[in-house]
Every structure is written in structure tokens, then in C-alpha cells.
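Next up, structure11.cif (mmCIF, C-alpha atoms):
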```cif
data_final
#
loop_
_atom_site.label_atom_id
_atom_site.label_comp_id
_atom_site.auth_asym_id
_atom_site.auth_seq_id
_atom_site.Cartn_x
_atom_site.Cartn_y
_atom_site.Cartn_z
CA MET O 1 -19.90 -10.33 20.17
CA LYS O 2 -18.07 -7.82 17.98
CA LYS O 3 -16.98 -8.88 14.51
CA LEU O 4 -13.44 -7.50 14.80
CA SER O 5 -11.07 -6.43 17.59
CA ILE O 6 -8.36 -3.97 16.52
CA ILE O 7 -5.39 -4.18 18.91
CA ILE O 8 -3.15 -1.10 18.97
CA PRO O 9 0.10 -1.15 20.99
CA LEU O 10 1.02 2.42 21.93
CA TYR O 11 4.36 3.90 22.91
CA ASN O 12 5.03 7.65 22.66
CA THR O 13 3.48 8.00 19.22
CA PRO O 14 3.07 11.67 18.16
CA LEU O 15 -0.49 12.83 18.81
CA PRO O 16 -1.36 13.72 15.18
CA TYR O 17 -0.35 10.25 13.97
CA PHE O 18 -2.19 8.51 16.81
CA LYS O 19 -5.34 10.55 16.18
CA GLU O 20 -5.30 9.61 12.50
CA CYS O 21 -4.82 5.99 13.52
CA LEU O 22 -7.85 6.04 15.86
CA ASP O 23 -10.01 7.92 13.36
CA SER O 24 -9.37 5.22 10.77
CA CYS O 25 -10.71 2.54 13.15
CA CYS O 26 -14.09 4.20 13.71
CA ILE O 27 -15.97 2.21 11.10
CA ASN O 28 -19.15 0.80 12.66
CA ASP O 29 -20.49 -0.99 15.72
CA GLU O 30 -18.97 -4.30 14.60
CA VAL O 31 -15.45 -3.06 15.43
CA GLU O 32 -13.85 -3.00 18.88
CA ILE O 33 -10.78 -0.79 19.48
CA ILE O 34 -8.25 -1.87 22.13
CA VAL O 35 -5.30 0.40 22.98
CA VAL O 36 -2.51 -1.10 25.09
CA ASP O 37 -0.18 1.66 26.30
CA ASP O 38 3.28 0.15 26.73
CA GLY O 39 4.53 2.66 29.31
CA SER O 40 4.24 5.89 27.29
CA THR O 41 5.42 9.13 28.88
CA LEU O 42 3.17 11.24 26.63
CA ASN O 43 -0.29 12.20 27.89
CA TYR O 44 -3.06 10.89 25.64
CA GLU O 45 -5.98 11.42 28.05
CA ASN O 46 -7.70 14.25 26.18
CA LEU O 47 -7.47 12.39 22.89
CA LEU O 48 -8.58 8.99 24.18
CA LYS O 49 -11.76 10.27 25.83
CA ARG O 50 -13.13 11.22 22.40
CA TYR O 51 -13.36 7.57 21.35
CA ASP O 52 -15.33 4.52 22.38
CA LEU O 53 -12.48 2.11 23.12
CA LYS O 54 -10.77 -0.09 25.70
CA TYR O 55 -7.58 1.37 27.16
CA VAL O 56 -5.05 -0.24 29.47
CA LYS O 57 -1.58 0.95 30.48
CA ILE O 58 1.14 -1.57 31.34
CA ALA O 59 4.77 -1.36 32.39
CA ASN O 60 7.04 -1.19 29.36
CA GLY O 61 7.43 -4.74 28.10
CA GLY O 62 7.67 -4.41 24.34
CA VAL O 63 5.23 -4.73 21.47
CA SER O 64 4.80 -8.51 21.89
CA LYS O 65 3.69 -8.10 25.50
CA ALA O 66 1.28 -5.32 24.53
CA ARG O 67 -0.26 -7.40 21.75
CA ASN O 68 -0.68 -10.42 24.03
CA VAL O 69 -2.45 -8.25 26.61
CA GLY O 70 -4.71 -6.90 23.88
CA MET O 71 -5.59 -10.42 22.74
CA LEU O 72 -6.66 -11.31 26.28
CA LEU O 73 -8.91 -8.24 26.43
CA SER O 74 -10.47 -8.78 23.01
CA THR O 75 -14.05 -9.95 22.50
CA GLY O 76 -14.18 -9.87 18.70
CA GLU O 77 -14.66 -12.92 16.51
CA TYR O 78 -11.56 -11.86 14.58
CA ILE O 79 -8.40 -10.08 15.75
CA THR O 80 -6.14 -7.72 13.84
CA PHE O 81 -3.16 -5.58 14.83
CA LEU O 82 -2.48 -1.94 14.03
CA ASP O 83 0.62 0.12 14.82
CA SER O 84 -0.28 3.39 16.52
CA ASP O 85 1.22 5.57 13.76
CA ASP O 86 -0.38 3.64 10.89
CA VAL O 87 -3.85 3.81 9.33
CA PHE O 88 -6.60 1.30 8.56
CA ILE O 89 -8.33 1.46 5.21
CA LEU O 90 -11.04 -0.88 6.33
CA ASN O 91 -14.30 -0.80 4.40
CA GLN O 92 -17.37 -2.98 4.68
CA SER O 93 -16.22 -5.26 1.86
CA VAL O 94 -13.19 -6.31 3.92
CA LEU O 95 -15.38 -6.97 6.96
CA ASP O 96 -17.65 -9.10 4.80
CA PHE O 97 -14.73 -11.44 4.11
CA LEU O 98 -14.31 -12.21 7.82
CA ASN O 99 -16.03 -15.57 7.68
CA LYS O 100 -13.92 -17.20 5.01
CA LYS O 101 -10.99 -18.78 6.88
CA ASN O 102 -8.97 -18.93 10.10
CA ILE O 103 -6.69 -16.25 8.62
CA ILE O 104 -7.38 -13.55 6.03
CA ILE O 105 -4.54 -11.62 4.35
CA ALA O 106 -5.36 -8.28 2.73
CA ARG O 107 -3.44 -5.83 0.54
CA ASN O 108 -1.50 -2.93 2.02
CA PHE O 109 0.64 -0.02 0.93
CA ILE O 110 3.68 1.65 2.43
CA MET O 111 3.89 5.43 2.49
CA SER O 112 7.13 7.35 3.02
CA GLN O 113 7.70 11.09 2.79
CA SER O 114 8.17 10.88 -0.98
CA THR O 115 6.60 7.65 -2.27
CA ILE O 116 3.65 5.30 -1.97
CA GLU O 117 4.17 1.63 -2.84
CA ASN O 118 1.47 -1.02 -3.18
CA TYR O 119 2.08 -4.50 -1.78
CA TYR O 120 0.02 -7.48 -2.87
CA LEU O 121 0.33 -11.21 -3.57
CA TYR O 122 -2.18 -11.81 -6.36
CA ASP O 123 -4.38 -9.86 -8.73
CA LYS O 124 -7.59 -11.30 -7.32
CA SER O 125 -8.99 -12.71 -4.09
CA GLN O 126 -8.35 -16.45 -3.66
CA ILE O 127 -7.54 -19.33 -1.33
CA ILE O 128 -3.83 -19.95 -0.57
CA SER O 129 -2.75 -23.41 0.56
CA GLN O 130 -0.60 -23.84 3.66
CA SER O 131 2.32 -25.27 1.65
CA GLU O 132 2.30 -22.36 -0.81
CA LEU O 133 2.07 -19.79 1.96
CA LYS O 134 4.96 -21.23 3.99
CA ARG O 135 7.10 -21.64 0.89
CA ASN O 136 6.45 -18.04 -0.12
CA MET O 137 7.31 -16.83 3.37
CA PHE O 138 10.94 -17.87 2.84
CA LEU O 139 11.36 -17.42 -0.92
CA LEU O 140 9.36 -14.42 -2.11
CA SER O 141 10.83 -11.08 -3.11
CA ASN O 142 10.85 -8.20 -0.63
CA ARG O 143 7.76 -6.56 -2.13
CA SER O 144 5.66 -9.70 -1.76
CA ILE O 145 7.13 -10.83 1.55
CA ASP O 146 5.76 -7.67 3.16
CA CYS O 147 2.31 -9.11 2.50
CA ILE O 148 3.10 -12.31 4.41
CA GLU O 149 5.61 -11.68 7.22
CA PRO O 150 4.10 -8.75 9.19
CA VAL O 151 0.94 -9.15 11.27
CA TRP O 152 -0.53 -5.93 9.91
CA SER O 153 -3.15 -6.41 7.19
CA LYS O 154 -3.93 -9.87 8.65
CA PHE O 155 -7.18 -10.94 10.32
CA TYR O 156 -7.06 -13.93 12.68
CA LEU O 157 -10.00 -15.95 13.97
CA LYS O 158 -9.62 -15.59 17.74
CA SER O 159 -10.91 -19.08 18.55
CA TYR O 160 -8.29 -20.50 16.16
CA LEU O 161 -5.44 -18.69 17.93
CA GLN O 162 -6.80 -19.83 21.30
CA GLU O 163 -7.16 -23.45 20.19
CA TYR O 164 -3.44 -23.72 19.45
CA GLY O 165 -2.18 -21.25 22.05
CA ILE O 166 -0.63 -18.98 19.42
CA ILE O 167 0.73 -15.82 21.06
CA PHE O 168 3.63 -13.43 20.47
CA ASN O 169 7.11 -14.42 21.64
CA GLU O 170 7.95 -11.83 24.30
CA ARG O 171 11.64 -12.79 24.23
CA LEU O 172 12.06 -11.35 20.74
CA ARG O 173 12.60 -7.65 20.07
CA ARG O 174 12.75 -8.12 16.31
CA GLY O 175 11.14 -10.75 14.13
CA GLU O 176 8.21 -11.44 16.46
CA ASP O 177 5.76 -11.10 13.56
CA VAL O 178 7.54 -13.77 11.51
CA ILE O 179 7.47 -16.35 14.29
CA PHE O 180 3.83 -15.61 15.13
CA ASN O 181 2.70 -15.88 11.52
CA TYR O 182 4.74 -18.98 10.70
CA GLU O 183 3.05 -20.87 13.53
CA ALA O 184 -0.36 -19.45 12.60
CA TYR O 185 0.12 -20.46 8.96
CA SER O 186 1.38 -23.92 9.96
CA ARG O 187 -1.73 -24.80 11.97
CA THR O 188 -4.29 -24.19 9.22
CA LYS O 189 -4.85 -25.90 5.88
CA SER O 190 -5.24 -22.66 3.95
CA VAL O 191 -5.85 -18.93 4.26
CA PHE O 192 -7.96 -16.47 2.29
CA TYR O 193 -6.25 -13.69 0.34
CA CYS O 194 -8.47 -10.61 0.03
CA ASN O 195 -7.45 -8.35 -2.84
CA GLU O 196 -8.71 -5.23 -1.04
CA PHE O 197 -6.60 -2.61 0.71
CA SER O 198 -6.83 -2.65 4.50
CA TYR O 199 -3.66 -1.01 5.78
CA LYS O 200 -1.43 2.02 5.25
CA TYR O 201 2.03 1.65 6.78
CA ARG O 202 3.72 4.96 7.55
CA MET O 203 7.49 4.86 7.09
CA THR O 204 9.08 7.48 9.36
CA ASN O 205 12.59 8.67 10.14
CA MET O 206 12.66 6.20 13.03
CA ASP O 207 12.33 3.36 10.53
CA SER O 208 15.54 4.52 8.89
CA ILE O 209 17.30 4.51 12.25
CA THR O 210 16.18 0.98 13.09
CA ARG O 211 17.38 -0.21 9.69
CA SER O 212 20.95 0.90 10.40
CA PHE O 213 23.50 -1.68 11.49
CA ASP O 214 24.36 -2.18 15.13
CA LYS O 215 25.39 -4.93 17.51
CA ILE O 216 21.79 -5.37 18.65
CA MET O 217 20.80 -6.28 15.10
CA VAL O 218 23.25 -9.20 15.08
CA ILE O 219 22.05 -10.44 18.47
CA THR O 220 18.36 -10.20 17.60
CA THR O 221 18.92 -11.87 14.22
CA PHE O 222 20.35 -14.96 15.88
CA GLN O 223 17.71 -14.91 18.59
CA LEU O 224 15.17 -15.10 15.77
CA LEU O 225 16.95 -18.09 14.22
CA GLU O 226 17.07 -19.83 17.60
CA GLU O 227 13.33 -19.29 18.06
CA PHE O 228 12.68 -20.71 14.60
CA GLU O 229 14.56 -23.87 15.56
CA LYS O 230 12.46 -24.15 18.72
CA LEU O 231 9.28 -23.65 16.70
CA PHE O 232 10.27 -26.35 14.20
CA ARG O 233 10.74 -28.77 17.12
CA LYS O 234 7.38 -27.71 18.58
CA LEU O 235 5.66 -28.28 15.24
CA ASN O 236 7.68 -31.46 14.66
CA THR O 237 8.56 -30.29 11.18
CA VAL O 238 11.51 -29.34 8.97
CA ASP O 239 11.06 -26.66 6.31
CA GLU O 240 13.26 -27.29 3.29
CA ASN O 241 13.06 -23.62 2.28
CA TYR O 242 14.34 -22.36 5.63
CA GLN O 243 17.95 -22.42 4.34
CA TYR O 244 17.15 -19.55 2.01
CA TYR O 245 15.68 -17.54 4.84
CA VAL O 246 18.92 -17.96 6.83
CA TRP O 247 20.91 -16.73 3.87
CA ARG O 248 18.59 -13.79 3.43
CA LEU O 249 19.13 -12.70 7.04
CA VAL O 250 22.92 -13.07 6.74
CA ILE O 251 22.98 -11.11 3.49
CA ARG O 252 20.79 -8.45 5.09
CA LEU O 253 23.44 -8.02 7.79
CA ILE O 254 26.19 -7.82 5.17
CA ARG O 255 24.26 -5.16 3.28
CA LYS O 256 24.13 -3.12 6.47
CA TYR O 257 27.92 -3.26 6.59
CA TYR O 258 28.05 -2.05 3.02
CA VAL O 259 25.84 0.97 3.58
CA TYR O 260 26.88 2.25 6.99
CA LEU O 261 30.56 1.46 7.60
CA SER O 262 33.82 2.98 6.44
CA LYS O 263 36.21 0.77 4.46
CA GLU O 264 38.29 -0.03 7.56
CA GLU O 265 35.24 -0.77 9.72
CA PHE O 266 33.74 -2.76 6.88
CA ASN O 267 36.76 -5.07 6.50
CA THR O 268 37.12 -5.53 10.26
CA LYS O 269 33.49 -6.47 10.81
CA VAL O 270 33.33 -8.76 7.79
CA ASN O 271 36.36 -10.68 9.07
CA LEU O 272 34.59 -11.03 12.41
CA LEU O 273 31.42 -12.09 10.67
CA PHE O 274 33.07 -14.92 8.78
CA SER O 275 35.02 -16.15 11.79
CA ASN O 276 32.01 -16.06 14.08
CA ILE O 277 31.21 -19.59 15.21
CA ILE O 278 27.54 -18.75 15.65
CA ILE O 279 27.18 -17.72 12.02
CA ASP O 280 29.26 -20.71 10.93
CA HIS O 281 26.85 -22.92 12.84
CA TYR O 282 23.89 -21.64 10.85
CA LEU O 283 25.75 -21.68 7.55
CA ASN O 284 26.98 -25.22 8.10
CA MET O 285 23.54 -26.55 8.93
CA ILE O 286 22.34 -25.48 5.48
CA ASN O 287 22.36 -28.46 3.15
CA HIS O 288 23.41 -26.58 0.03
CA ALA O 289 25.75 -28.10 -2.58
CA GLU O 290 27.31 -24.74 -3.46
CA LEU O 291 27.73 -23.49 0.09
CA ASP O 292 31.53 -23.70 0.43
CA GLU O 293 32.25 -22.14 -2.95
CA TYR O 294 29.59 -19.50 -2.45
CA LYS O 295 30.94 -18.55 0.96
CA LYS O 296 34.49 -18.36 -0.42
CA GLN O 297 33.48 -16.10 -3.31
CA LEU O 298 31.43 -13.88 -1.06
CA TYR O 299 34.29 -13.51 1.43
CA GLU O 300 36.79 -12.61 -1.30
CA ILE O 301 34.49 -9.96 -2.72
CA LEU O 302 33.69 -8.57 0.72
CA VAL O 303 37.30 -8.16 1.81
CA ILE O 304 39.32 -7.78 -1.38
CA LYS O 305 37.07 -6.19 -3.98
CA ASP O 306 35.44 -2.77 -3.98
CA LYS O 307 32.00 -2.12 -2.54
CA ALA O 308 30.35 -1.44 -5.89
CA GLN O 309 31.18 -4.95 -7.03
CA LEU O 310 29.99 -6.34 -3.71
CA TYR O 311 26.62 -4.65 -4.10
CA SER O 312 26.25 -5.92 -7.66
CA TYR O 313 27.14 -9.46 -6.61
CA LEU O 314 24.78 -9.54 -3.64
CA ARG O 315 21.94 -8.11 -5.68
CA ASP O 316 22.49 -10.76 -8.35
CA VAL O 317 22.59 -13.56 -5.79
CA CYS O 318 19.47 -12.36 -4.00
CA ASP O 319 17.49 -11.86 -7.17
CA LYS O 320 18.48 -15.07 -8.95
CA LYS O 321 19.09 -17.63 -6.21
CA LEU O 322 17.68 -16.73 -2.84
CA LEU O 323 14.56 -14.68 -3.35
CA ARG O 324 13.22 -16.31 -6.46
CA LYS O 325 9.52 -16.98 -6.68
#
```

Taking this structure as input, can you express it in the form of C-alpha cells?
Amino acid sequence: MKKLSIIIPLYNTPLPYFKECLDSCCINDEVEIIVVDDGSTLNYENLLKRYDLKYVKIANGGVSKARNVGMLLSTGEYITFLDSDDVFILNQSVLDFLNKKNIIIARNFIMSQSTIENYYLYDKSQIISQSELKRNMFLLSNRSIDCIEPVWSKFYLKSYLQEYGIIFNERLRRGEDVIFNYEAYSRTKSVFYCNEFSYKYRMTNMDSITRSFDKIMVITTFQLLEEFEKLFRKLNTVDENYQYYVWRLVIRLIRKYYVYLSKEEFNTKVNLLFSNIIIDHYLNMINHAELDEYKKQLYEILVIKDKAQLYSYLRDVCDKKLLRK
């Protein structure tokens, strides 16, 4: 049995990026590389034949489908996931930690065209309790949440995932990592945090496009909330910190309005946002003493005041109330 299976969903990734990705996985004989091609139109044959790996091509079904197929094909004791344009920084010391817990979280950094940012939870390797991990998933700042929410830089004991039937939700097109990890974190007593780098995330121009506001973003946001409600019922649990996560998603949508829309479009869409019965449903289910007053103030600033004041207000709310540690 291999020590680690690296599952790489592939869809039309530029050849230079994909080559760098594969090169970074060639560590030693303990590592198994699995590439699941999600219906790419690019020809990778000449590149793939240079590597010792498993390759399967499927009809386009999304990243969740590709990851689930990869999990079925895997033979490693542990499983990890790598995007086909990203890079592993996986040394022997990280592999040596793969006997500590059901889940291991490692450090990562995000690289754009102009900057490199490090993302980590703690200054040293340590055990994290389930309660602390789940609480942090909903309350941490953006820099720290990128260590917890995504599946990259995580290592999962395969037998643990199989025991509880933890797979990716193929209905979701956004937020599939969050649902997967929340269930994975909820089934174990604790995880091990490894203060070693294991992942380099490459931020491309396509990331900027997917961060822009569109109708699909609204739909997928509420699909994610619906799936969270289903998961809570499945786990027979209620997370008291979930209310802050709902607010964070709503504020994220509002920030998209602020950045990408003209004044007229901005006012129109904000009015629709606050009259939308779906959003009202999620806002009303939050048991928060200041909800009505907060919503009123936010609405007045959104519609009546200028955008600079809106940005300042939202930033203050996020920093002081919603994303506090």
C-alpha cells in the first residue's frame, strides 16, 4: 500500500502549469498520483506518458465528481487533493506526520502575479480539538480560514472517510470543500496541525473572473446554505456559530455589488437583495439580538449613503463582529 494518494482533477489546464504540478508530486515511491480528466479538450498524452501515474478520463461532471472518482481509484493510506495548476511542496517531514490523526492540516501559501502570502493557523505543530476547529471554520479571519475551508493542504486517512461515507457533494458547484471538510471535522475528535508548508496555490486571472458578481453566485450561495442545513440534520447537530457564517456569505455578496456595479445597478440589486424572501429566510433564522437594527442600518447605508461609507461600515462589521477570533 502507498502512503499517500494525490488526486488531481484536470480540466483544460495550460500545459506548463500542469507539468509543474506533476513534477511537484514526484517525491518517492510512497506517493501515488491519480489524474482524473474531467472532459478536457486539450491533449495531454505526450506529457502524461512521462510520469508513473493513474489516469482516467470522464465526461464533464465537475470537480466534485472528479475527486470522488479519484477517491475510488486510490490505494494510499492517506488521500490529498491538488488542483492541476497548483504545486505541492511536500517533503519527507510532512509525509512522516501521516500517522498522527484521521486528518492532518498543513501550511500553505497563495501566489499571485505580484505577491506571495503565507497562510497558517499556529506557530507550531499541535493537536486541534473538534470544537475549536469547527468554531474557527465559521469565525476566523479570511487569512486563517483559508487554512481550514479548502481541501488543499489537507491529508485524510482513507479508511476514516470510507467508514463514514464522506464524499464530495456533486450537486454543488461552489462551496463543495466547505461541506466536505465540515463533515470530516465533525466525525473526528481532533486533527493534527502540521506547521510545515505543503501547498502553493496559484492565483490566476480566472480566479478574478470567478470572484466577480453574477446571478450564479447568488444561486450557488443559497445552494450551499441548503446543503449545510441538510448536513446539520444528518449529523443531528446545531452549530451556534453558523449564524456568523451566513452573515459572512451575505456580506460577501454585498461586497460584490460594491465593487462591480454602477450606482444605478447597485441600488436596484440591493433593493432586490433585501426584499428577497430566500435571503429573509436565512436572516430571520439567525437568533441574533441586534439583527433587526443591524439590517436596517445596513440597508440605509447601502441605498442612501455613498459607497465609500458602505465599504468602511462593512469592513468594521466584519472585523469587529463577524470574523473575530

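Closest to Phe138 in chain O among O:Cys21, O:Val178, O:Ile104, O:Ile33 is O:Val178, based on only C-alpha atoms.
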
Å distance separating CA of Gly165 in chain O from CA of Glu132 in chain O, one decimal place: 23.3 Å

Target residues per the PyMOL selection byres ((chain O and resi 68-76) around 8), formatted as a VMD selection string: chain O and resid 1 to 5 7 to 8 31 to 32 34 to 36 64 to 67 77 to 79 158 167 to 168

Residue subset to file, keeping C-alpha atoms, as a PDB file, in the frame of the given file:
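As a result, again-v3.pdb now contains:
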```
ATOM      1  CA  MET O   1     -19.900 -10.330  20.170  1.00  0.00           C
ATOM      2  CA  LYS O   2     -18.070  -7.820  17.980  1.00  0.00           C
ATOM      3  CA  LYS O   3     -16.980  -8.880  14.510  1.00  0.00           C
ATOM      4  CA  LEU O   4     -13.440  -7.500  14.800  1.00  0.00           C
ATOM      5  CA  SER O   5     -11.070  -6.430  17.590  1.00  0.00           C
ATOM      6  CA  ILE O   7      -5.390  -4.180  18.910  1.00  0.00           C
ATOM      7  CA  ILE O   8      -3.150  -1.100  18.970  1.00  0.00           C
ATOM      8  CA  VAL O  31     -15.450  -3.060  15.430  1.00  0.00           C
ATOM      9  CA  GLU O  32     -13.850  -3.000  18.880  1.00  0.00           C
ATOM     10  CA  ILE O  34      -8.250  -1.870  22.130  1.00  0.00           C
ATOM     11  CA  VAL O  35      -5.300   0.400  22.980  1.00  0.00           C
ATOM     12  CA  VAL O  36      -2.510  -1.100  25.090  1.00  0.00           C
ATOM     13  CA  SER O  64       4.800  -8.510  21.890  1.00  0.00           C
ATOM     14  CA  LYS O  65       3.690  -8.100  25.500  1.00  0.00           C
ATOM     15  CA  ALA O  66       1.280  -5.320  24.530  1.00  0.00           C
ATOM     16  CA  ARG O  67      -0.260  -7.400  21.750  1.00  0.00           C
ATOM     17  CA  GLU O  77     -14.660 -12.920  16.510  1.00  0.00           C
ATOM     18  CA  TYR O  78     -11.560 -11.860  14.580  1.00  0.00           C
ATOM     19  CA  ILE O  79      -8.400 -10.080  15.750  1.00  0.00           C
ATOM     20  CA  LYS O 158      -9.620 -15.590  17.740  1.00  0.00           C
ATOM     21  CA  ILE O 167       0.730 -15.820  21.060  1.00  0.00           C
ATOM     22  CA  PHE O 168       3.630 -13.430  20.470  1.00  0.00           C
TER      23      PHE O 168
END
```

The PyMOL selection byres ((chain O and resi 62) around 12) applied to the shown file, residues as a VMD selection string: chain O and resid 9 to 11 36 to 40 58 to 61 63 to 69 168 to 174 176

Result set, the PyMOL selection byres ((chain O and resi 187) around 10) on current file, as a list in words: Asn102, Gln130, Tyr160, Leu161, Glu163, Tyr164, Ile166, Asn181, Tyr182, Glu183, Ala184, Tyr185, Ser186, Thr188, Lys189, Ser190 and Leu235 of chain O

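CA of Asp85 in chain O lies 4.9 Å from CA of Tyr17 in chain O.
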
Interatomic distance, CA of Phe18 in chain O to CA of Leu53 in chain O (Å, one decimal): 13.7 Å
